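**Student:** Mind having a look at this structure? Questions to follow.
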Amino acid sequence: MKETPLSNCERRFLLRAIEEKKRLDGRQTYDYRNIKISFGTDYGCCIVELGKTRVLGQVSCELVSPKLNRATEGILFFNLELSQMAAPAFEPGRQSDLLVKLNRLLERCLRNSKCIDTESLCVVAGEKVWQIRVDLHLLNHDGNIIDAASIAAIVALCHFRRPDVSVQGDEVTLYTPEERDAVPLSVHHMPICVSFAFFQQGTYLLVDPNEREERVMDGLLVIAMNKHREICTIQSSGGIMLLKDQVLRCSKIAGVKVAEITELIQKALENDQKVRKEGGKFGFAESIANQRITAFKMEKAPVDTSDVEEKVEEIIAEAEPPSEVVSQPVLWTPGTAQIGQGVENSWGDLEDSEKEDEDEGGSDEAVILDSIKMDTGVEGSNVGSQDAPIILSDSEEEEMIILEPDKNPKKIRTQTISAKQETAPSKKPVKKRRKKRAAN
């Protein structure tokens with residue numbers, strides 16, 4: 001699904017607001033959105049919210065063989081995924097240019113800056129090292145993915161604990177967290193990305209652009225820096241020309257923002273560690289406020305249950321007494337009953353006209369049967385007088401009578417009598433009799 005483009009009115013409105021140093025969400029030019037860090041039940045799992053942009057970070061590890069050119073160093077692997085759950089414009093199963101650019105920027109920011117001591121991940125030189133894998137999933141997209149992803153990656157790495165191992169000769173023993181405490185990673189520094197959006201060919205500058213501001217910007221500058229003001233990487237995109245003074249001003253702003261974010265990360269890690277040691281509740285369920293889940297809940301009202309019996313008596317006294325009239329069931333037959341005064345069923349009663357029709361129909365049937373018997377009797381007498389053999393079929397629907405089979409074979413007459421043919425000639429005498437009755 002393609003991304004819905006901005007209309008010309010929206011574009012002009014955004015640019016006009018930026019020229020007047022105003023933003024749609026009420027922030028100032030150099031303000032960051034609210035950052036919230038939540039930790040999961042397991043070590044190395046966290047969710048970072050940068051405004052409405054949400055990124056889930058998960059760190060895992062396994063023992064693998066090292067690279068040939070770096071036999072004493074562990075392996076760091078970063079993977080960022082953009083799913084359709086975050087935004088409909090992201091296509092599943094295909095790496096877009098944006099995804100490739102973000103993954104490369106993360107690797108330069110975190111792996112190439114040596115923020116993790118990879119030599120401490122070596123177990124047996126040339127044979128066994130730890131491979132640390134950082135998976136980042138974008139849950140919701142509202143602009144500035146790289147800043148939220150870099151914060152989630154470094155927070156997950158700082159929060160992660162790997163299993164302890166021991167080496168005796170050629171045997172490598174891996175201990176569970178119950179047997180030995182897990183070992184944290186050796187983190188030298190915390191590189192964090194800060195994004196700057198430029199408008200009107202670098203005339204106007206915004207920090208932490210949201211999704212709509214990213215659509216109308218002319219260029220983007222990303223600076224990765226730690227709290228010691230050491231620049232880890234710089235990337236400029238968009239094809240705009242920046243002056244030296246603009247880059248220096250952005251680096252100073254990035255130093256201030258990185259110091260604030262690093263302090264927030266350290267406080268979040270300390271609070272989580274404190275809660276885990278005290279045995280309190282922790283995880284995503286505790287970090288989410290109740291009002292966000294039950295936004296439409298009703299406030300609990302205090303209920304006084306001291307004088308319940310007195311209140312019940314008052315309610316009973318004020319209520320209307322029930323009616324004393326109770327209908328008695330009427331027993332028609334054993335096993336049945338009728339409550340109330342009901343009348344007999346009138347569905348079975350026939351009217352006089354219907355009864356007369358039934359009587360006439362019964363008399364007509366009798367006349368028809370008499371006529372059929374008379375006709376068959378006459379034919380039988382004629383056949384018997386000629387002493388001719390009669391062949392009757394076994395079927396009930398029709399009868400075949402063959403007359404004079406030996407003397408005159410050509411004069412063979414078949415007579416088929418069906419129910420419809422029998423009733424047709426017998427209706428004439430019925431009509432005559434009805435007329436006679438009417439005349440009488």
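Each chain of the structure tokens is named A, B, ... in the order shown, its residues numbered from 1; ligands are numbered from 1 in display order.
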Might you pull out every residue within 10 Å of segment 162-174 of chain A, with only C-alpha atoms counted and same-chain residues fewer than 4 positions away left off, and present them as a list in words?
**Tutor:**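 Neighbouring residues, sequence-local ones excluded: Tyr43, Gly44, Val59, Ser60, Cys61, Glu62, Leu63, Leu121, Val123, Val124, Lys128, Trp130, Ile132, Glu179, Arg180, Asp181, Ala182, Val183, Pro184 and Leu185 of chain A.
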**Student:** What's around segment 71-74 of chain A at 9 Å? Count only C-alpha atoms, leave out sequence neighbours fewer than 4 positions away in its own chain, and write the answer as a list in words.
**Tutor:**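 Contacts, in chain order: Val64, Ser65, Pro66, Lys67, Asp117, Thr118, Glu119, Ser120, Leu121, Cys122, Val123, Val124, Ala125, Gly126, Glu127, Lys128, Val129, Trp130, Gln131 and Ile132 of chain A.
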**Student:** Dump as a tab-separated table the rows for residues of segment 110-217 of chain A within 7 Å of segment 79-100 of chain A: closest atom pair and distance in Å with one decimal, only C-alpha atoms counted, ordered by chain and rising residue number.
**Tutor:**
```
residue	atom	partner	partner_atom	distance
A:Val134	CA	A:Asn79	CA	6.2
A:Asp135	CA	A:Asn79	CA	5.0
A:Leu136	CA	A:Leu80	CA	4.7
A:His137	CA	A:Glu81	CA	5.0
A:Leu138	CA	A:Leu82	CA	5.5
A:Leu139	CA	A:Ala86	CA	4.8
A:Asn140	CA	A:Ala86	CA	3.9
A:His141	CA	A:Ala86	CA	5.1
```
**Student:** From the options A:Leu157, A:Val312, A:Val194, A:Leu56, which residue's atoms come nearest to Leu206 of chain A, counting only C-alpha atoms?
**Tutor:**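 Ranked by minimum distance to Leu206 of chain A, first place goes to A:Val194.
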**Student:** Between atom CA of Lys267 of chain A and atom CA of Glu49 of chain A, what is the distance in Å, rounded to a tenth?
**Tutor:**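 So the answer is 15.8 Å.
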**Student:** Nearest residue to Ala153 of chain A out of A:Leu221, A:Cys232, A:Ile265, A:Leu14, using only C-alpha atoms?
**Tutor:**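 Under the stated criterion, the closest residue is A:Ile265.
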**Student:** Suppose you want the space between atom CA of Lys252 of chain A and atom CA of Lys101 of chain A; what is it in Å?
**Tutor:**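 About the pair atom CA of Lys252 of chain A and atom CA of Lys101 of chain A: they are 24.7 Å apart.
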**Student:** Just checking: using only C-alpha atoms, which residue out of A:Asn226, A:Ile18, A:Cys45, A:Phe196 ends up closest to Lys114 of chain A?
**Tutor:** A:Asn226
**Student:** So that I can check the surroundings of Arg249 of chain A, please list as a PyMOL selection string every protein, DNA and RNA residue that reaches within 12 Å of it, counting only C-alpha atoms and ignoring chain neighbours fewer than 5 positions away.
**Tutor:** chain A and resi 30+196+205+207+221+223+242-244+254-256
**Student:** Record the distance separating atom CA of Lys21 of chain A and atom CA of Tyr204 of chain A, expressed in Å with one decimal.
**Tutor:**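 Between these atoms lies a distance of 8.6 Å.
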**Student:** Which residue out of A:Ser251, A:Glu211, A:Val258, A:Gly219 has the minimum interatomic distance to Asp25 of chain A when only C-alpha atoms are used?
**Tutor:**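 Using only C-alpha atoms, the shortest distance to Asp25 of chain A belongs to A:Glu211.
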**Student:** Name the residues in contact with His189 of chain A at a cut-off of 8 Å, using only C-alpha atoms, excluding same-chain residues fewer than 3 positions from it; report them as a list of chain:residue names.
**Tutor:**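 Contacts, with the query itself left out: A:Cys115, A:Ile116, A:Asn226, A:Lys227.
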**Student:** Kindly indicate which residue among A:Ala224, A:Ile75, A:Val155, A:Val216 lies nearest to Ser38 of chain A, using only C-alpha atoms for the distances.
**Tutor:**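 Looking only at the distances to Ser38 of chain A, the closest residue turns out to be A:Val155.
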**Student:** According to DSSP computed on the backbone, where in segment 57-302 of chain A is there helix (DSSP H, G or I)? Give the residues as an MDAnalysis selection string.
**Tutor:** chainID A and resid 97:111 118:121 145:159 211:216 244:278 284:287 290:293
